[in-house]
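Below is input.pdb, holding PDB, C-alpha atoms.
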MODEL        1
ATOM      1  CA  MET A   1      20.463 -15.384   3.219
ATOM      2  CA  LYS A   2      20.696 -19.160   3.325
ATOM      3  CA  ARG A   3      18.012 -19.863   5.911
ATOM      4  CA  ILE A   4      14.941 -17.864   7.026
ATOM      5  CA  LEU A   5      12.698 -19.011   9.857
ATOM      6  CA  ILE A   6       9.050 -18.021   9.341
ATOM      7  CA  LEU A   7       6.864 -18.336  12.448
ATOM      8  CA  GLY A   8       3.173 -18.521  11.593
ATOM      9  CA  GLY A   9       4.137 -19.309   8.022
ATOM     10  CA  THR A  10       1.295 -21.767   7.391
ATOM     11  CA  GLY A  11      -1.290 -18.986   7.734
ATOM     12  CA  PHE A  12      -2.860 -16.457   5.400
ATOM     13  CA  VAL A  13       0.058 -14.016   5.174
ATOM     14  CA  GLY A  14       2.641 -16.790   5.456
ATOM     15  CA  ARG A  15       1.385 -18.472   2.324
ATOM     16  CA  ALA A  16       1.764 -15.287   0.267
ATOM     17  CA  LEU A  17       5.189 -14.619   1.781
ATOM     18  CA  CYS A  18       6.535 -18.118   1.064
ATOM     19  CA  GLU A  19       5.296 -17.928  -2.521
ATOM     20  CA  GLN A  20       6.940 -14.540  -3.080
ATOM     21  CA  LEU A  21      10.230 -15.517  -1.478
ATOM     22  CA  SER A  22      10.332 -18.741  -3.517
ATOM     23  CA  ALA A  23       9.819 -16.781  -6.733
ATOM     24  CA  HIS A  24      12.304 -13.991  -5.922
ATOM     25  CA  PRO A  25      15.741 -14.367  -7.566
ATOM     26  CA  ALA A  26      17.528 -12.914  -4.514
ATOM     27  CA  PHE A  27      16.309 -15.872  -2.440
ATOM     28  CA  GLY A  28      16.939 -18.585  -5.003
ATOM     29  CA  GLY A  29      19.170 -20.609  -2.680
ATOM     30  CA  THR A  30      17.386 -19.807   0.562
ATOM     31  CA  ARG A  31      15.698 -22.472   2.680
ATOM     32  CA  LEU A  32      12.438 -21.277   4.203
ATOM     33  CA  ILE A  33      11.755 -23.040   7.497
ATOM     34  CA  VAL A  34       8.072 -23.064   8.475
ATOM     35  CA  PRO A  35       7.262 -24.785  11.791
ATOM     36  CA  SER A  36       3.742 -25.820  12.790
ATOM     37  CA  ARG A  37       2.278 -27.852  15.609
ATOM     38  CA  LYS A  38       0.463 -29.858  12.931
ATOM     39  CA  ARG A  39       2.531 -30.243   9.778
ATOM     40  CA  GLU A  40      -0.571 -30.985   7.713
ATOM     41  CA  ARG A  41      -1.688 -27.372   8.175
ATOM     42  CA  GLY A  42       1.110 -26.396   5.827
ATOM     43  CA  LYS A  43       0.286 -28.865   3.064
ATOM     44  CA  HIS A  44      -0.423 -25.981   0.670
ATOM     45  CA  LEU A  45       3.290 -25.124   0.975
ATOM     46  CA  PHE A  46       4.543 -28.638   0.181
ATOM     47  CA  PRO A  47       4.813 -27.967  -3.599
ATOM     48  CA  LEU A  48       7.277 -25.104  -2.983
ATOM     49  CA  PRO A  49      10.704 -26.808  -3.184
ATOM     50  CA  GLN A  50      12.490 -24.234  -0.998
ATOM     51  CA  VAL A  51      10.022 -24.541   1.875
ATOM     52  CA  ASP A  52      10.545 -27.015   4.706
ATOM     53  CA  VAL A  53       7.352 -27.410   6.746
ATOM     54  CA  LEU A  54       8.328 -28.949  10.085
ATOM     55  CA  GLN A  55       6.168 -30.294  12.863
ATOM     56  CA  ALA A  56       7.334 -28.254  15.835
ATOM     57  CA  ASP A  57       5.978 -26.250  18.754
ATOM     58  CA  VAL A  58       7.563 -22.787  18.682
ATOM     59  CA  HIS A  59       6.318 -22.154  22.228
ATOM     60  CA  ASP A  60       8.831 -24.742  23.489
ATOM     61  CA  ASN A  61      12.192 -23.132  24.286
ATOM     62  CA  ALA A  62      14.368 -26.068  23.224
ATOM     63  CA  THR A  63      12.469 -26.433  19.943
ATOM     64  CA  LEU A  64      12.742 -22.733  19.191
ATOM     65  CA  ALA A  65      16.496 -22.864  19.813
ATOM     66  CA  ARG A  66      16.860 -25.747  17.325
ATOM     67  CA  LEU A  67      14.830 -23.911  14.701
ATOM     68  CA  LEU A  68      17.020 -20.812  15.032
ATOM     69  CA  ASP A  69      20.246 -22.764  14.599
ATOM     70  CA  GLY A  70      21.846 -21.491  11.401
ATOM     71  CA  ALA A  71      19.092 -19.005  10.611
ATOM     72  CA  ASP A  72      19.995 -15.675   9.016
ATOM     73  CA  ALA A  73      16.652 -14.004   9.735
ATOM     74  CA  VAL A  74      13.287 -14.551  11.412
ATOM     75  CA  VAL A  75       9.849 -13.392  10.314
ATOM     76  CA  ASN A  76       7.182 -13.553  13.008
ATOM     77  CA  LEU A  77       3.583 -13.729  11.753
ATOM     78  CA  VAL A  78       2.053 -15.448  14.789
ATOM     79  CA  ALA A  79      -1.140 -13.727  15.964
ATOM     80  CA  ILE A  80      -4.640 -14.504  17.207
ATOM     81  CA  LEU A  81      -7.805 -12.400  17.023
ATOM     82  CA  HIS A  82      -9.899 -14.280  19.582
ATOM     83  CA  GLY A  83      -9.248 -15.960  22.893
ATOM     84  CA  THR A  84      -8.850 -15.547  26.607
ATOM     85  CA  PRO A  85      -6.498 -12.958  28.116
ATOM     86  CA  GLN A  86      -4.100 -15.836  28.818
ATOM     87  CA  ALA A  87      -4.231 -16.959  25.172
ATOM     88  CA  PHE A  88      -3.431 -13.437  23.916
ATOM     89  CA  GLU A  89      -0.586 -13.211  26.404
ATOM     90  CA  ALA A  90       0.924 -16.530  25.300
ATOM     91  CA  ALA A  91       0.537 -16.053  21.538
ATOM     92  CA  HIS A  92       1.773 -12.474  21.407
ATOM     93  CA  VAL A  93       3.867 -11.511  24.428
ATOM     94  CA  GLY A  94       5.209 -14.844  25.652
ATOM     95  CA  LEU A  95       6.340 -15.964  22.218
ATOM     96  CA  CYS A  96       8.071 -12.667  21.436
ATOM     97  CA  GLN A  97       9.877 -12.677  24.778
ATOM     98  CA  ARG A  98      11.178 -16.197  24.110
ATOM     99  CA  LEU A  99      11.987 -15.352  20.504
ATOM    100  CA  GLY A 100      14.086 -12.325  21.476
ATOM    101  CA  GLU A 101      15.997 -14.283  24.100
ATOM    102  CA  ALA A 102      16.512 -17.262  21.769
ATOM    103  CA  CYS A 103      17.754 -15.020  18.946
ATOM    104  CA  ALA A 104      20.292 -13.448  21.296
ATOM    105  CA  LYS A 105      21.613 -16.887  22.308
ATOM    106  CA  ALA A 106      21.694 -18.177  18.726
ATOM    107  CA  GLY A 107      23.323 -15.045  17.315
ATOM    108  CA  VAL A 108      20.395 -14.322  14.999
ATOM    109  CA  HIS A 109      20.063 -10.565  14.648
ATOM    110  CA  ARG A 110      17.614  -9.868  11.803
ATOM    111  CA  VAL A 111      13.934  -9.980  12.794
ATOM    112  CA  VAL A 112      10.841  -8.766  10.916
ATOM    113  CA  HIS A 113       7.774  -8.738  13.138
ATOM    114  CA  VAL A 114       4.250  -8.195  11.805
ATOM    115  CA  SER A 115       2.200  -6.335  14.392
ATOM    116  CA  ALA A 116      -1.032  -4.383  13.815
ATOM    117  CA  LEU A 117      -2.181  -0.875  12.975
ATOM    118  CA  GLY A 118      -3.614   0.927  15.978
ATOM    119  CA  VAL A 119      -1.120  -0.492  18.463
ATOM    120  CA  PRO A 120      -0.474   2.241  21.062
ATOM    121  CA  GLU A 121       2.971   3.305  22.188
ATOM    122  CA  ASP A 122       1.751   2.778  25.763
ATOM    123  CA  ALA A 123       0.384  -0.747  26.131
ATOM    124  CA  GLY A 124      -1.594   0.329  29.179
ATOM    125  CA  ALA A 125      -3.645   2.679  27.001
ATOM    126  CA  ALA A 126      -4.937  -0.119  24.778
ATOM    127  CA  PRO A 127      -8.707  -0.738  25.038
ATOM    128  CA  SER A 128      -8.493  -4.470  24.218
ATOM    129  CA  HIS A 129      -6.444  -7.545  25.100
ATOM    130  CA  TYR A 130      -5.493  -7.846  21.420
ATOM    131  CA  LEU A 131      -4.010  -4.350  21.117
ATOM    132  CA  ARG A 132      -2.418  -4.432  24.575
ATOM    133  CA  THR A 133      -0.584  -7.692  23.952
ATOM    134  CA  LYS A 134       0.390  -6.610  20.443
ATOM    135  CA  ALA A 135       2.005  -3.512  21.969
ATOM    136  CA  GLU A 136       3.768  -5.577  24.634
ATOM    137  CA  ALA A 137       4.988  -8.004  21.963
ATOM    138  CA  GLU A 138       6.650  -5.134  20.088
ATOM    139  CA  GLN A 139       8.295  -3.954  23.303
ATOM    140  CA  ALA A 140       9.542  -7.471  24.067
ATOM    141  CA  LEU A 141      11.419  -7.565  20.755
ATOM    142  CA  CYS A 142      12.964  -4.103  21.139
ATOM    143  CA  MET A 143      16.117  -5.404  22.750
ATOM    144  CA  PRO A 144      19.842  -4.756  22.201
ATOM    145  CA  GLY A 145      21.400  -6.801  19.439
ATOM    146  CA  LEU A 146      18.244  -7.270  17.365
ATOM    147  CA  ALA A 147      17.979  -5.580  13.978
ATOM    148  CA  LEU A 148      14.199  -5.345  14.263
ATOM    149  CA  THR A 149      11.700  -4.074  11.705
ATOM    150  CA  LEU A 150       8.085  -3.659  12.801
ATOM    151  CA  LEU A 151       5.250  -3.742  10.278
ATOM    152  CA  ARG A 152       1.797  -2.563  11.349
ATOM    153  CA  PRO A 153      -0.809  -3.447   8.710
ATOM    154  CA  SER A 154      -4.493  -2.569   8.787
ATOM    155  CA  VAL A 155      -6.981  -5.403   8.258
ATOM    156  CA  ILE A 156      -5.643  -7.679   5.505
ATOM    157  CA  PHE A 157      -7.766  -8.870   2.587
ATOM    158  CA  GLY A 158      -7.106 -11.552   0.004
ATOM    159  CA  ALA A 159      -8.614 -14.620  -1.637
ATOM    160  CA  ARG A 160      -8.409 -16.648   1.587
ATOM    161  CA  ASP A 161      -9.071 -13.941   4.147
ATOM    162  CA  SER A 162     -11.442 -14.411   7.070
ATOM    163  CA  PHE A 163     -12.714 -10.826   6.920
ATOM    164  CA  LEU A 164     -14.469  -9.923   3.665
ATOM    165  CA  ASN A 165     -15.148 -13.596   3.001
ATOM    166  CA  LEU A 166     -16.842 -13.870   6.387
ATOM    167  CA  PHE A 167     -19.240 -11.025   5.666
ATOM    168  CA  ALA A 168     -19.921 -12.362   2.177
ATOM    169  CA  SER A 169     -20.692 -15.790   3.668
ATOM    170  CA  LEU A 170     -23.064 -14.375   6.264
ATOM    171  CA  GLN A 171     -24.938 -12.333   3.664
ATOM    172  CA  ARG A 172     -25.408 -15.422   1.570
ATOM    173  CA  LEU A 173     -27.005 -17.084   4.595
ATOM    174  CA  PHE A 174     -29.125 -14.355   6.173
ATOM    175  CA  PRO A 175     -31.626 -11.798   4.835
ATOM    176  CA  VAL A 176     -30.285  -8.963   7.003
ATOM    177  CA  MET A 177     -26.913  -8.102   8.592
ATOM    178  CA  PRO A 178     -27.126  -6.912  12.208
ATOM    179  CA  LEU A 179     -23.906  -5.036  12.874
ATOM    180  CA  ALA A 180     -22.309  -3.405  15.906
ATOM    181  CA  GLY A 181     -19.399  -1.018  15.529
ATOM    182  CA  GLY A 182     -20.404  -0.100  11.984
ATOM    183  CA  ASP A 183     -18.670   3.285  12.259
ATOM    184  CA  ALA A 184     -15.265   1.705  12.964
ATOM    185  CA  ARG A 185     -12.738   2.809  10.350
ATOM    186  CA  PHE A 186     -10.304   0.568   8.456
ATOM    187  CA  GLN A 187      -7.738   0.969   5.691
ATOM    188  CA  PRO A 188      -7.681  -2.561   4.201
ATOM    189  CA  VAL A 189      -4.430  -3.803   2.724
ATOM    190  CA  TRP A 190      -3.900  -6.593   0.180
ATOM    191  CA  VAL A 191      -2.075  -9.659   1.488
ATOM    192  CA  GLU A 192       0.309  -9.642  -1.485
ATOM    193  CA  ASP A 193       1.330  -6.068  -0.684
ATOM    194  CA  VAL A 194       2.051  -7.042   2.924
ATOM    195  CA  ALA A 195       4.153  -9.987   1.738
ATOM    196  CA  THR A 196       6.032  -7.704  -0.652
ATOM    197  CA  ALA A 197       6.739  -5.312   2.232
ATOM    198  CA  ILE A 198       8.248  -8.160   4.264
ATOM    199  CA  VAL A 199      10.426  -9.188   1.307
ATOM    200  CA  ARG A 200      11.636  -5.602   0.843
ATOM    201  CA  CYS A 201      12.538  -5.404   4.540
ATOM    202  CA  LEU A 202      14.524  -8.632   4.351
ATOM    203  CA  LEU A 203      16.413  -7.286   1.346
ATOM    204  CA  ASP A 204      17.090  -3.827   2.765
ATOM    205  CA  ALA A 205      19.095  -3.719   6.006
ATOM    206  CA  SER A 206      18.361   0.004   6.378
ATOM    207  CA  THR A 207      14.761  -0.839   7.347
ATOM    208  CA  ALA A 208      16.016  -2.263  10.664
ATOM    209  CA  GLY A 209      15.086  -0.118  13.629
ATOM    210  CA  ARG A 210      12.038   1.336  11.862
ATOM    211  CA  THR A 211       8.272   0.886  12.206
ATOM    212  CA  TYR A 212       6.154   0.929   9.056
ATOM    213  CA  GLU A 213       2.393   1.465   8.929
ATOM    214  CA  LEU A 214       0.750  -0.400   6.060
ATOM    215  CA  GLY A 215      -2.632   0.715   4.765
ATOM    216  CA  GLY A 216      -4.300   0.514   1.392
ATOM    217  CA  PRO A 217      -5.674   3.434  -0.652
ATOM    218  CA  ASP A 218      -9.263   2.918   0.587
ATOM    219  CA  VAL A 219     -10.531   4.119   3.977
ATOM    220  CA  CYS A 220     -13.889   2.515   4.822
ATOM    221  CA  THR A 221     -16.169   2.049   7.786
ATOM    222  CA  LEU A 222     -17.059  -1.474   8.825
ATOM    223  CA  ALA A 223     -20.605  -0.956   7.536
ATOM    224  CA  GLU A 224     -19.249   0.113   4.144
ATOM    225  CA  LEU A 225     -17.024  -2.975   3.989
ATOM    226  CA  VAL A 226     -19.989  -5.219   4.783
ATOM    227  CA  ARG A 227     -22.022  -3.620   1.988
ATOM    228  CA  LEU A 228     -19.125  -3.938  -0.454
ATOM    229  CA  SER A 229     -18.615  -7.630   0.390
ATOM    230  CA  GLY A 230     -22.312  -8.243  -0.251
ATOM    231  CA  ARG A 231     -22.272  -6.421  -3.566
ATOM    232  CA  TRP A 232     -19.052  -8.014  -4.816
ATOM    233  CA  SER A 233     -20.226 -11.523  -3.861
ATOM    234  CA  GLY A 234     -23.666 -11.010  -5.390
ATOM    235  CA  HIS A 235     -25.623 -11.166  -2.113
ATOM    236  CA  VAL A 236     -26.569  -7.638  -1.103
ATOM    237  CA  ARG A 237     -28.320  -7.459   2.264
ATOM    238  CA  PRO A 238     -29.498  -4.484   4.324
ATOM    239  CA  VAL A 239     -27.237  -3.622   7.259
ATOM    240  CA  LEU A 240     -29.023  -3.201  10.593
ATOM    241  CA  PRO A 241     -26.963  -1.001  12.950
ATOM    242  CA  LEU A 242     -26.822  -2.286  16.524
ATOM    243  CA  PRO A 243     -26.125  -0.191  19.619
ATOM    244  CA  MET A 244     -22.976  -1.270  21.440
ATOM    245  CA  VAL A 245     -24.938  -2.897  24.270
ATOM    246  CA  ALA A 246     -26.762  -5.118  21.770
ATOM    247  CA  GLY A 247     -23.489  -5.742  19.954
ATOM    248  CA  ARG A 248     -21.849  -7.025  23.105
ATOM    249  CA  LEU A 249     -24.793  -9.315  23.739
ATOM    250  CA  GLN A 250     -24.518 -10.579  20.165
ATOM    251  CA  ALA A 251     -20.767 -11.173  20.629
ATOM    252  CA  LYS A 252     -21.421 -13.080  23.855
ATOM    253  CA  LEU A 253     -23.964 -15.318  22.109
ATOM    254  CA  MET A 254     -21.564 -15.910  19.212
ATOM    255  CA  GLY A 255     -18.949 -16.973  21.726
ATOM    256  CA  CYS A 256     -21.241 -19.814  22.796
ATOM    257  CA  LEU A 257     -21.203 -21.342  19.301
ATOM    258  CA  PRO A 258     -18.702 -24.127  18.504
ATOM    259  CA  GLY A 259     -15.381 -23.085  17.049
ATOM    260  CA  GLU A 260     -13.830 -19.629  16.786
ATOM    261  CA  PRO A 261     -16.334 -16.801  17.354
ATOM    262  CA  LEU A 262     -17.328 -14.611  14.423
ATOM    263  CA  MET A 263     -17.094 -11.523  16.635
ATOM    264  CA  SER A 264     -16.002 -11.076  20.244
ATOM    265  CA  SER A 265     -16.244  -8.321  22.823
ATOM    266  CA  ASP A 266     -12.487  -7.897  22.507
ATOM    267  CA  ASN A 267     -12.916  -7.285  18.762
ATOM    268  CA  LEU A 268     -15.469  -4.588  19.538
ATOM    269  CA  ASP A 269     -13.045  -2.998  22.006
ATOM    270  CA  SER A 270     -10.260  -3.052  19.399
ATOM    271  CA  MET A 271     -12.506  -1.299  16.883
ATOM    272  CA  ARG A 272     -12.709   1.718  19.176
ATOM    273  CA  VAL A 273      -9.256   2.606  17.817
ATOM    274  CA  PRO A 274      -9.333   3.756  14.158
ATOM    275  CA  ASN A 275      -7.497   1.167  12.062
ATOM    276  CA  VAL A 276      -6.070   3.770   9.694
ATOM    277  CA  LEU A 277      -2.668   5.314   9.034
ATOM    278  CA  SER A 278      -1.508   7.857  11.598
ATOM    279  CA  GLY A 279       0.604   9.744   9.066
ATOM    280  CA  GLN A 280       3.459   9.768  11.579
ATOM    281  CA  ARG A 281       5.280   6.648  10.368
ATOM    282  CA  PRO A 282       6.817   5.530   7.072
ATOM    283  CA  GLY A 283       4.731   3.148   4.998
ATOM    284  CA  PHE A 284       4.422   1.549   1.584
ATOM    285  CA  ALA A 285       5.815   4.596  -0.229
ATOM    286  CA  GLU A 286       9.110   4.385   1.661
ATOM    287  CA  LEU A 287       9.325   0.703   0.698
ATOM    288  CA  GLY A 288       8.709   1.495  -2.966
ATOM    289  CA  ILE A 289       5.300  -0.173  -3.053
ATOM    290  CA  ALA A 290       2.063   1.220  -4.527
ATOM    291  CA  PRO A 291      -0.738  -0.344  -2.433
ATOM    292  CA  THR A 292      -3.553  -2.105  -4.267
ATOM    293  CA  ALA A 293      -7.172  -0.937  -4.105
ATOM    294  CA  MET A 294      -9.793  -3.461  -3.026
ATOM    295  CA  ALA A 295     -11.849  -2.968  -6.195
ATOM    296  CA  ALA A 296      -8.871  -4.105  -8.285
ATOM    297  CA  VAL A 297      -8.817  -7.628  -6.865
ATOM    298  CA  VAL A 298     -11.707  -8.454  -4.499
ATOM    299  CA  PRO A 299     -14.577  -8.740  -7.028
ATOM    300  CA  GLY A 300     -12.607 -11.413  -8.854
ATOM    301  CA  TYR A 301     -12.383 -13.821  -5.931
ATOM    302  CA  LEU A 302     -15.046 -13.055  -3.327
ATOM    303  CA  GLY A 303     -17.291 -16.086  -3.088
ATOM    304  CA  ARG A 304     -15.312 -17.907  -5.787
ATOM    305  CA  GLN A 305     -12.083 -18.984  -4.093
ATOM    306  CA  PRO A 306     -11.286 -22.654  -3.331
ATOM    307  CA  GLY A 307     -12.922 -23.798  -0.124
ATOM    308  CA  TRP A 308     -15.895 -21.415  -0.429
ATOM    309  CA  ALA A 309     -18.463 -24.202  -0.195
ATOM    310  CA  GLU A 310     -16.757 -25.728   2.850
ATOM    311  CA  GLN A 311     -16.573 -22.346   4.566
ATOM    312  CA  LEU A 312     -20.240 -21.704   3.876
ATOM    313  CA  ASP A 313     -21.161 -25.098   5.325
ATOM    314  CA  THR A 314     -19.206 -24.189   8.473
ATOM    315  CA  TRP A 315     -21.132 -20.942   8.985
ATOM    316  CA  ARG A 316     -24.440 -22.709   8.220
ATOM    317  CA  SER A 317     -23.814 -25.474  10.763
ATOM    318  CA  ARG A 318     -22.716 -22.998  13.430
ATOM    319  CA  ALA A 319     -25.835 -20.920  12.795
ATOM    320  CA  GLY A 320     -28.017 -24.007  13.202
ATOM    321  CA  ARG A 321     -29.208 -23.987   9.610
TER     322      ARG A 321
ENDMDL
END
How does the structure come out when it is put into structure tokens?
Amino acid sequence: MKRILILGGTGFVGRALCEQLSAHPAFGGTRLIVPSRKRERGKHLFPLPQVDVLQADVHDNATLARLLDGADAVVNLVAILHGTPQAFEAAHVGLCQRLGEACAKAGVHRVVHVSALGVPEDAGAAPSHYLRTKAEAEQALCMPGLALTLLRPSVIFGARDSFLNLFASLQRLFPVMPLAGGDARFQPVWVEDVATAIVRCLLDASTAGRTYELGGPDVCTLAELVRLSGRWSGHVRPVLPLPMVAGRLQAKLMGCLPGEPLMSSDNLDSMRVPNVLSGQRPGFAELGIAPTAMAAVVPGYLGRQPGWAEQLDTWRSRAGR
């Protein structure tokens, strides 16, 4: 491949993917095109000589057509966890509809789309806007002419994640952790393993037409993950279970704070679906990958990664402290 377009490439998973592709001998001559509405968001990718970070709005049809010109493959990582129903619709469904149509016009056939574990086959059965639009996004890309691979990871952890780091930050700030949905089940997966899965799919054409579920070796409840993040960051706090009614009130109050909410009602609705492997789809084993346990990597970075102090200041200011 001479040119790969990576949508959402400036984000958490995109960073790991660009680094792996740049280091892989099979992609030594490949240009990695990473568009972003604000080019500065991709400054961490500037040192990678194969990566071209472009200021571009992928939600504009003409811009998307230009980006696809000459591309051999597309990786779509664009996703949001919070927002209005309209925002979920635009980020997930609208973009994938335009992407599928633009690929057909440009003659780009190979697409790897990162979805989410727990996405139902019937979008109408989804309990949240997030899962519903994720399901509809998959359906939008299942069109004739596209060699599509779908990847459905569980919650993704890594040195710059906004999941375990969030709970570690909050426990450093507060003496107790009130928590709704503590029984929700997850199978956390390391960001580097997800990036490796994408690379393997790009290398192996036989993965087209298949859906892979990606989960790590650990199955944990949300409450267990909160306790682990406190222990591994050195700030253990008691977890106070909240009934769902209180949790929704908490989520509503969090939504009134500046910036992206820490937890939303839609997140709570999504957690009603177990975020664990169904056992009915291929996964890491079929891609030749042994998934990494959290204990092997998380204690080494939690609370120590670059930007920790700035992140903590953000939570403190939003909490009014």
Q: Taking the file as shown, find all residues satisfying the PyMOL selection byres ((chain A and resi 186) around 12) and write them as a count of residues only.
A: 39
Q. What separation in Å, quoted to one decimal, exists between atom CA of Arg37 of chain A and atom CA of Ala56 of chain A?
A. 5.1 Å
Q: Would you list the contacts of Val114 of chain A as a list in words, taking every protein, DNA or RNA residue within 7 Å and counting all atoms listed in the file, but skipping same-chain residues closer than 5 positions in sequence?
A: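 Near Val114 of chain A, the qualifying residues are Asn76, Leu77, Leu150, Leu151 and Arg152 of chain A.
The nearest approach to Ser162 of chain A among the residues A:Val245, A:Met294, A:Cys96, A:Met263, with all atoms listed in the file taken into account, belongs to A:Met263.
Between atom CA of Pro144 of chain A and atom CA of Leu5 of chain A the interatomic distance comes to 20.2 Å.
In this comparison, which uses all atoms listed in the file, the residue of A:Met244, A:Val34, A:Ala125, A:Val74 approaching Leu202 of chain A most closely is A:Val74.
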Q: Apply the PyMOL selection byres ((chain A and resi 139) around 10) to the structure shown and report the selected residues as a PyMOL selection string.
A: chain A and resi 93+96-97+121-123+133-138+140-143
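Here atom CA of Val297 of chain A stands at a distance of 25.6 Å from atom CA of Val176 of chain A.
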**Q.** Shell of 9 Å around Gly8 of chain A, all atoms listed in the file, local chain residues under 4 positions omitted, as a list in words
**A.** Phe12, Val13, Gly14, Val34, Pro35, Ser36, Val75, Asn76, Leu77, Val78 and Ala79 of chain A
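On the file presented, the PyMOL selection byres ((chain A and resi 179) around 6) picks out A:Pro178, A:Ala180, A:Leu240, A:Pro241, A:Leu242.
The nearest approach to Gly279 of chain A among the residues A:Leu45, A:Gly100, A:Tyr212, A:Ala293, with only C-alpha atoms taken into account, belongs to A:Tyr212.
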**Q.** Residue nearest Leu17 of chain A among A:Ser115, A:Arg98, A:Asp69, A:Val194 (counting all atoms listed in the file)
**A.** A:Val194
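Distance annotation: of A:Leu68, A:Leu262, A:Leu48, A:Val119, the residue with the minimal separation from Leu170 of chain A is A:Leu262; atom set is only C-alpha atoms.
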**Q.** Counting all atoms listed in the file, the residue of A:Trp190, A:Glu260, A:Leu249, A:Ser233 that sits nearest Phe284 of chain A
**A.**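 Ranking A:Trp190, A:Glu260, A:Leu249, A:Ser233 by distance to Phe284 of chain A, first place goes to A:Trp190.
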**Q.** 7 Å contact set for segment 19-31 of chain A, all atoms listed in the file, chain neighbours under 3 positions out, as a list in words
**A.**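 Counting only the stated atoms, we get Met1, Lys2, Arg3, Ile4, Arg15, Ala16, Gln50, Val51 and Val199 of chain A.
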Q: Do a neighbour search on His82 of chain A at 12 Å with all atoms listed in the file, toss out local chain neighbours closer than 6 positions, and write the hits as a ChimeraX atom specification.
A: /A:88-89,91-92,128-131,251,254-255,259-270
